>>> print(open('data31.cif').read())   # mmCIF, C-alpha atoms
data_query
loop_
_atom_site.label_atom_id
_atom_site.label_comp_id
_atom_site.auth_asym_id
_atom_site.auth_seq_id
_atom_site.Cartn_x
_atom_site.Cartn_y
_atom_site.Cartn_z
CA MET E 1 42.22 4.78 51.76
CA LEU E 2 39.90 7.61 50.79
CA LYS E 3 36.35 6.98 51.97
CA TYR E 4 33.77 7.31 49.19
CA GLU E 5 30.54 5.46 48.55
CA LEU E 6 30.85 5.75 44.76
CA VAL E 7 33.90 6.30 42.55
CA LEU E 8 33.21 7.58 39.02
CA PHE E 9 35.75 7.33 36.21
CA ASP E 10 35.91 9.19 32.95
CA LEU E 11 36.83 6.84 30.07
CA ASP E 12 38.97 8.57 27.43
CA GLY E 13 42.31 9.73 28.81
CA THR E 14 41.56 8.23 32.22
CA LEU E 15 41.06 4.48 31.76
CA THR E 16 42.07 4.18 28.12
CA ASP E 17 44.23 6.04 25.61
CA PRO E 18 41.96 6.55 22.57
CA TRP E 19 44.25 8.85 20.55
CA GLU E 20 44.54 6.74 17.41
CA GLY E 21 40.85 5.97 17.09
CA ILE E 22 39.50 9.41 17.93
CA THR E 23 41.91 11.41 15.79
CA LYS E 24 41.39 9.14 12.79
CA SER E 25 37.62 9.43 13.22
CA VAL E 26 37.79 13.23 13.43
CA GLN E 27 40.08 13.36 10.39
CA TYR E 28 37.57 11.22 8.48
CA ALA E 29 34.68 13.49 9.50
CA LEU E 30 36.54 16.63 8.47
CA ALA E 31 37.34 15.12 5.08
CA LYS E 32 33.63 14.40 4.57
CA MET E 33 33.05 18.08 5.36
CA ASN E 34 35.64 19.00 2.68
CA ILE E 35 38.20 20.05 5.27
CA ASP E 36 41.69 18.62 4.79
CA GLU E 37 43.58 18.11 8.04
CA PRO E 38 46.73 16.03 7.47
CA ASP E 39 48.14 16.53 10.98
CA ARG E 40 46.26 14.33 13.44
CA HIS E 41 48.21 15.81 16.36
CA LYS E 42 46.11 18.95 15.87
CA LEU E 43 43.06 16.84 16.64
CA THR E 44 44.20 15.76 20.10
CA ALA E 45 42.07 18.52 21.63
CA PHE E 46 38.96 16.60 20.53
CA ILE E 47 39.63 13.98 23.21
CA GLY E 48 37.40 14.68 26.18
CA PRO E 49 34.98 17.52 25.36
CA PRO E 50 31.69 16.97 23.51
CA LEU E 51 32.41 16.47 19.80
CA ALA E 52 29.95 18.99 18.41
CA GLU E 53 31.41 21.64 20.68
CA SER E 54 34.93 20.87 19.44
CA PHE E 55 33.97 20.94 15.75
CA GLN E 56 32.52 24.40 16.31
CA GLN E 57 35.42 25.66 18.39
CA PHE E 58 38.33 24.38 16.33
CA TYR E 59 36.93 24.38 12.79
CA HIS E 60 34.31 27.12 13.08
CA LEU E 61 31.42 24.94 11.95
CA SER E 62 27.87 26.06 12.57
CA PRO E 63 25.83 23.99 15.04
CA GLU E 64 24.10 22.26 12.12
CA GLN E 65 27.40 21.54 10.37
CA ALA E 66 28.94 20.31 13.62
CA TRP E 67 26.09 17.84 14.15
CA LEU E 68 26.57 16.54 10.60
CA ALA E 69 30.30 16.17 11.31
CA VAL E 70 29.43 14.13 14.40
CA GLN E 71 27.41 11.74 12.22
CA TYR E 72 30.38 11.34 9.86
CA TYR E 73 32.65 10.78 12.85
CA ARG E 74 30.41 7.97 14.04
CA GLU E 75 30.53 6.27 10.61
CA TYR E 76 34.24 5.64 11.09
CA PHE E 77 34.33 5.37 14.86
CA ALA E 78 31.65 2.68 15.19
CA GLU E 79 33.44 0.37 12.75
CA TYR E 80 37.10 1.11 13.38
CA GLY E 81 37.86 3.90 15.84
CA LEU E 82 36.47 2.48 19.05
CA TYR E 83 38.80 -0.54 18.81
CA ASP E 84 41.87 1.57 17.94
CA ASN E 85 42.43 2.18 21.64
CA ARG E 86 44.45 0.82 24.58
CA VAL E 87 43.99 0.47 28.32
CA TYR E 88 46.54 2.34 30.41
CA PRO E 89 48.90 -0.07 32.20
CA GLY E 90 47.89 -0.59 35.82
CA ILE E 91 44.21 0.29 35.33
CA PRO E 92 42.82 -3.28 35.36
CA GLU E 93 44.74 -4.03 38.54
CA LEU E 94 43.42 -0.85 40.19
CA LEU E 95 39.83 -1.65 39.24
CA GLN E 96 40.19 -5.21 40.47
CA GLU E 97 41.51 -4.05 43.83
CA LEU E 98 38.72 -1.50 44.22
CA ASN E 99 36.21 -4.25 43.46
CA SER E 100 37.84 -6.53 46.02
CA ARG E 101 37.34 -3.79 48.60
CA ARG E 102 33.66 -3.55 47.58
CA ILE E 103 33.91 0.05 46.37
CA PRO E 104 31.06 0.75 43.90
CA LEU E 105 32.45 2.01 40.59
CA GLY E 106 30.83 3.85 37.71
CA ILE E 107 31.67 5.37 34.34
CA ALA E 108 30.75 9.00 33.64
CA THR E 109 31.68 9.99 30.09
CA SER E 110 30.55 12.32 27.33
CA LYS E 111 31.03 9.45 24.87
CA PRO E 112 27.71 7.81 23.89
CA THR E 113 26.77 5.05 26.31
CA VAL E 114 26.45 2.46 23.54
CA TYR E 115 30.06 3.01 22.43
CA THR E 116 31.30 3.10 26.00
CA GLU E 117 29.74 -0.25 26.82
CA THR E 118 31.25 -1.78 23.68
CA ILE E 119 34.72 -0.52 24.58
CA LEU E 120 34.45 -1.78 28.16
CA ARG E 121 33.41 -5.23 26.95
CA HIS E 122 36.16 -5.30 24.31
CA PHE E 123 38.84 -4.66 26.92
CA ASP E 124 37.26 -6.91 29.59
CA LEU E 125 36.54 -3.98 31.90
CA ALA E 126 32.74 -4.07 31.94
CA ASP E 127 32.34 -6.30 34.98
CA TYR E 128 34.16 -3.83 37.23
CA PHE E 129 31.42 -1.19 36.96
CA ARG E 130 28.06 -1.04 38.66
CA LEU E 131 26.80 1.69 36.33
CA VAL E 132 27.82 3.14 32.98
CA VAL E 133 26.44 6.53 31.97
CA GLY E 134 27.38 8.41 28.83
CA SER E 135 25.73 10.77 26.39
CA ASN E 136 22.74 9.91 24.22
CA MET E 137 23.03 9.30 20.49
CA ASP E 138 20.63 12.18 19.82
CA GLY E 139 23.18 14.65 21.18
CA THR E 140 21.61 15.13 24.60
CA ARG E 141 23.30 14.66 27.98
CA VAL E 142 26.76 15.50 26.61
CA ALA E 143 27.78 18.00 29.33
CA LYS E 144 29.82 16.25 32.01
CA ALA E 145 27.78 17.90 34.77
CA ASP E 146 24.63 16.30 33.34
CA VAL E 147 26.33 12.91 33.01
CA ILE E 148 27.51 12.99 36.63
CA GLN E 149 24.07 14.07 37.80
CA ALA E 150 22.57 11.08 35.97
CA CYS E 151 25.13 8.76 37.61
CA LEU E 152 24.23 10.01 41.07
CA ALA E 153 20.52 9.64 40.34
CA GLU E 154 20.99 6.11 38.98
CA PHE E 155 23.02 5.09 42.03
CA GLY E 156 19.81 5.68 43.90
CA ARG E 157 20.76 7.54 47.04
CA GLU E 158 22.64 10.54 48.34
CA SER E 159 26.25 9.48 48.37
CA ARG E 160 29.74 10.77 48.98
CA ALA E 161 31.08 10.35 45.47
CA LEU E 162 34.39 11.00 43.73
CA MET E 163 34.91 11.88 40.05
CA ILE E 164 38.20 10.98 38.33
CA GLY E 165 39.05 12.52 34.97
CA ASP E 166 41.68 14.12 32.77
CA ARG E 167 39.97 17.30 31.52
CA ARG E 168 38.57 20.42 33.16
CA HIS E 169 35.06 19.30 32.20
CA ASP E 170 35.38 16.39 34.64
CA ILE E 171 36.49 18.62 37.49
CA GLU E 172 33.96 21.37 36.84
CA GLY E 173 31.18 18.79 36.39
CA ALA E 174 32.04 17.25 39.74
CA ARG E 175 32.02 20.59 41.51
CA SER E 176 28.66 21.55 40.01
CA ASN E 177 27.24 18.36 41.52
CA GLY E 178 28.85 18.96 44.91
CA ILE E 179 31.27 16.03 44.80
CA ASP E 180 35.05 15.72 45.07
CA SER E 181 37.36 15.19 42.10
CA VAL E 182 40.73 13.78 41.11
CA ALA E 183 42.51 15.22 38.09
CA VAL E 184 44.80 12.78 36.27
CA ALA E 185 47.62 14.49 34.38
CA TYR E 186 48.63 11.39 32.42
CA GLY E 187 45.67 11.95 30.09
CA TYR E 188 44.93 14.80 27.69
CA GLY E 189 44.41 17.82 29.90
CA SER E 190 47.51 19.88 30.66
CA VAL E 191 48.60 20.39 34.25
CA GLU E 192 47.75 24.08 33.79
CA GLU E 193 44.21 23.27 32.60
CA LEU E 194 43.68 20.86 35.46
CA THR E 195 45.05 23.04 38.25
CA GLN E 196 42.98 25.99 37.04
CA ALA E 197 39.89 23.79 37.35
CA ARG E 198 40.74 23.32 41.08
CA PRO E 199 40.38 19.57 41.69
CA ASN E 200 40.58 18.18 45.21
CA TYR E 201 43.52 16.00 44.17
CA LEU E 202 45.98 15.93 41.28
CA VAL E 203 47.97 12.86 40.24
CA HIS E 204 50.48 12.42 37.42
CA THR E 205 50.53 8.65 36.92
CA VAL E 206 48.30 5.60 37.33
CA GLU E 207 50.62 4.59 40.17
CA GLU E 208 49.89 7.86 41.98
CA LEU E 209 46.16 7.37 41.39
CA THR E 210 46.40 3.88 42.86
CA GLN E 211 48.27 5.23 45.87
CA LEU E 212 45.69 7.94 46.37
CA LEU E 213 42.68 5.63 46.17
CA LEU E 214 44.07 2.66 48.06
CA ASP E 215 46.71 3.88 50.46
CA ARG E 216 47.10 7.53 51.35
CA PRO E 217 46.15 10.94 49.91
CA VAL E 218 48.31 12.67 47.32
CA LEU E 219 47.28 16.27 47.95
CA LEU E 220 47.11 18.96 45.31
#
>>> encode(input="data31.cif", output="structure tokens")
Amino acid sequence: MLKYELVLFDLDGTLTDPWEGITKSVQYALAKMNIDEPDRHKLTAFIGPPLAESFQQFYHLSPEQAWLAVQYYREYFAEYGLYDNRVYPGIPELLQELNSRRIPLGIATSKPTVYTETILRHFDLADYFRLVVGSNMDGTRVAKADVIQACLAEFGRESRALMIGDRRHDIEGARSNGIDSVAVAYGYGSVEELTQARPNYLVHTVEELTQLLLDRPVLL
């Protein structure tokens, strides 16, 4: 087993598959901005990065327009989107085994903390985690590096930590905080995106992640 004092998980694309809820929420927000996007598959790229950044990048909104789009997104997401989600098979069993081995676990996500906590409770995952850190509703602390830094500070001591996520932001955020990372290719980052981000480990399935964390290393 890999020896870490704290294991941090991203949420979307790592523990749960939020495609339905997020793409519907983005589609709703775009419609409120008078942008018609009938193909929700084009909105998959919104899963992972900060929302305002994605609205600017993919639909060329100004920062002010992007922040308004985020508010529209939340109208739909808070009522419907956050429940239109599913836990990846094998994740509850992995978390339970890590808990049984007394490995402290945390959540580090760019999703607002309030939504993250609701999702974890809804899927009976909340009790596995010692800390849950996400972004703030006012749009601050959305960069993954800042979220990870806040996790390490909240944990309360210098620790050998590991970040697990499915996008380059997770890997780059880990490196900027001087901790190791695992890239999971079953989420929403391509293998090319993930390998270019240079994680310490790369896995393709939840089974490989379980093997890496509990049994023996799966090297990149």
>>> closest_residue(input="data31.cif", among="E:Tyr28, E:Phe58, E:Phe46, E:Tyr201", to="Glu75 of chain E", atoms="all atoms listed in the file")
E:Tyr28
>>> residues_around(input="data31.cif", residues="Arg102 of chain E", least_positions_apart="5", cutoff="10 Å", atoms="all atoms listed in the file", output="ChimeraX atom specification")
/E:5,96-97
>>> resolve_selection(input="data31.cif", expression="the PyMOL selection byres ((chain E and resi 16) around 10)", output="list in words")
Asp10, Leu11, Asp12, Gly13, Thr14, Leu15, Asp17, Pro18, Trp19, Asn85, Arg86, Val87, Tyr88, Pro89, Ile91, Ile119, Leu120, Phe123 and Gly187 of chain E
>>> residues_around(input="data31.cif", residues="Val114 of chain E", least_positions_apart="2", cutoff="9 Å", atoms="all atoms listed in the file", output="list in words")
Lys111, Pro112, Thr116, Glu117, Thr118, Ile119, Gly134, Ser135, Asn136 and Met137 of chain E
>>> resolve_selection(input="data31.cif", expression="the PyMOL selection byres ((chain E and resi 72) around 10)", output="VMD selection string")
chain E and resid 25 to 33 66 to 71 73 to 77
>>> resolve_selection(input="data31.cif", expression="the PyMOL selection byres ((chain E and resi 208) around 12)", output="PyMOL selection string")
chain E and resi 90-91+94+182-186+201-207+209-220
>>> closest_residue(input="data31.cif", among="E:Ile171, E:Leu43, E:Ala126, E:Leu131", to="Pro104 of chain E", atoms="all atoms listed in the file")
E:Leu131
>>> atom_distance(input="data31.cif", atom1="atom CA of Glu154 of chain E", atom2="atom CA of Thr113 of chain E")
14.0 Å
>>> atom_distance(input="data31.cif", atom1="atom CA of Tyr115 of chain E", atom2="atom CA of Tyr128 of chain E")
16.8 Å
>>> atom_distance(input="data31.cif", atom1="atom CA of Thr140 of chain E", atom2="atom CA of Tyr4 of chain E")
28.5 Å
>>> closest_residue(input="data31.cif", among="E:Pro49, E:Glu37, E:Lys24, E:Leu162", to="Glu79 of chain E", atoms="only C-alpha atoms")
E:Lys24
>>> build_atoms(input="data31.cif", residues="segment 163-182 of chain E", atoms="N, CA and C atoms", output="PDB file, keeping the file's coordinate frame")
ATOM      1  N   MET E 163      34.782  11.915  41.508  1.00  0.00           N
ATOM      2  CA  MET E 163      34.910  11.880  40.050  1.00  0.00           C
ATOM      3  C   MET E 163      36.385  11.931  39.681  1.00  0.00           C
ATOM      4  N   ILE E 164      36.810  11.037  38.782  1.00  0.00           N
ATOM      5  CA  ILE E 164      38.200  10.980  38.330  1.00  0.00           C
ATOM      6  C   ILE E 164      38.231  11.226  36.834  1.00  0.00           C
ATOM      7  N   GLY E 165      38.993  12.227  36.392  1.00  0.00           N
ATOM      8  CA  GLY E 165      39.050  12.520  34.970  1.00  0.00           C
ATOM      9  C   GLY E 165      40.266  13.334  34.590  1.00  0.00           C
ATOM     10  N   ASP E 166      40.453  13.495  33.269  1.00  0.00           N
ATOM     11  CA  ASP E 166      41.680  14.120  32.770  1.00  0.00           C
ATOM     12  C   ASP E 166      41.462  15.483  32.115  1.00  0.00           C
ATOM     13  N   ARG E 167      40.234  15.993  32.117  1.00  0.00           N
ATOM     14  CA  ARG E 167      39.970  17.300  31.520  1.00  0.00           C
ATOM     15  C   ARG E 167      39.212  18.179  32.517  1.00  0.00           C
ATOM     16  N   ARG E 168      39.228  19.485  32.247  1.00  0.00           N
ATOM     17  CA  ARG E 168      38.570  20.420  33.160  1.00  0.00           C
ATOM     18  C   ARG E 168      37.076  20.137  33.268  1.00  0.00           C
ATOM     19  N   HIS E 169      36.483  19.604  32.190  1.00  0.00           N
ATOM     20  CA  HIS E 169      35.060  19.300  32.200  1.00  0.00           C
ATOM     21  C   HIS E 169      34.708  18.315  33.315  1.00  0.00           C
ATOM     22  N   ASP E 170      35.614  17.367  33.573  1.00  0.00           N
ATOM     23  CA  ASP E 170      35.380  16.390  34.640  1.00  0.00           C
ATOM     24  C   ASP E 170      35.384  17.063  36.004  1.00  0.00           C
ATOM     25  N   ILE E 171      36.340  17.956  36.199  1.00  0.00           N
ATOM     26  CA  ILE E 171      36.490  18.620  37.490  1.00  0.00           C
ATOM     27  C   ILE E 171      35.353  19.608  37.728  1.00  0.00           C
ATOM     28  N   GLU E 172      35.038  20.391  36.713  1.00  0.00           N
ATOM     29  CA  GLU E 172      33.960  21.370  36.840  1.00  0.00           C
ATOM     30  C   GLU E 172      32.608  20.667  36.981  1.00  0.00           C
ATOM     31  N   GLY E 173      32.428  19.545  36.273  1.00  0.00           N
ATOM     32  CA  GLY E 173      31.180  18.790  36.390  1.00  0.00           C
ATOM     33  C   GLY E 173      31.000  18.210  37.771  1.00  0.00           C
ATOM     34  N   ALA E 174      32.111  17.756  38.366  1.00  0.00           N
ATOM     35  CA  ALA E 174      32.040  17.250  39.740  1.00  0.00           C
ATOM     36  C   ALA E 174      31.651  18.352  40.708  1.00  0.00           C
ATOM     37  N   ARG E 175      32.301  19.492  40.585  1.00  0.00           N
ATOM     38  CA  ARG E 175      32.020  20.590  41.510  1.00  0.00           C
ATOM     39  C   ARG E 175      30.565  21.040  41.396  1.00  0.00           C
ATOM     40  N   SER E 176      30.038  21.095  40.186  1.00  0.00           N
ATOM     41  CA  SER E 176      28.660  21.550  40.010  1.00  0.00           C
ATOM     42  C   SER E 176      27.662  20.588  40.642  1.00  0.00           C
ATOM     43  N   ASN E 177      28.104  19.340  40.857  1.00  0.00           N
ATOM     44  CA  ASN E 177      27.240  18.360  41.520  1.00  0.00           C
ATOM     45  C   ASN E 177      27.603  18.171  42.989  1.00  0.00           C
ATOM     46  N   GLY E 178      28.514  18.989  43.491  1.00  0.00           N
ATOM     47  CA  GLY E 178      28.850  18.960  44.910  1.00  0.00           C
ATOM     48  C   GLY E 178      29.659  17.768  45.355  1.00  0.00           C
ATOM     49  N   ILE E 179      30.448  17.176  44.422  1.00  0.00           N
ATOM     50  CA  ILE E 179      31.270  16.030  44.800  1.00  0.00           C
ATOM     51  C   ILE E 179      32.748  16.342  44.576  1.00  0.00           C
ATOM     52  N   ASP E 180      33.611  15.545  45.187  1.00  0.00           N
ATOM     53  CA  ASP E 180      35.050  15.720  45.070  1.00  0.00           C
ATOM     54  C   ASP E 180      35.557  15.212  43.722  1.00  0.00           C
ATOM     55  N   SER E 181      36.801  15.603  43.390  1.00  0.00           N
ATOM     56  CA  SER E 181      37.360  15.190  42.100  1.00  0.00           C
ATOM     57  C   SER E 181      38.850  14.918  42.207  1.00  0.00           C
ATOM     58  N   VAL E 182      39.307  14.048  41.316  1.00  0.00           N
ATOM     59  CA  VAL E 182      40.730  13.780  41.110  1.00  0.00           C
ATOM     60  C   VAL E 182      41.045  14.090  39.666  1.00  0.00           C
TER      61      VAL E 182
END
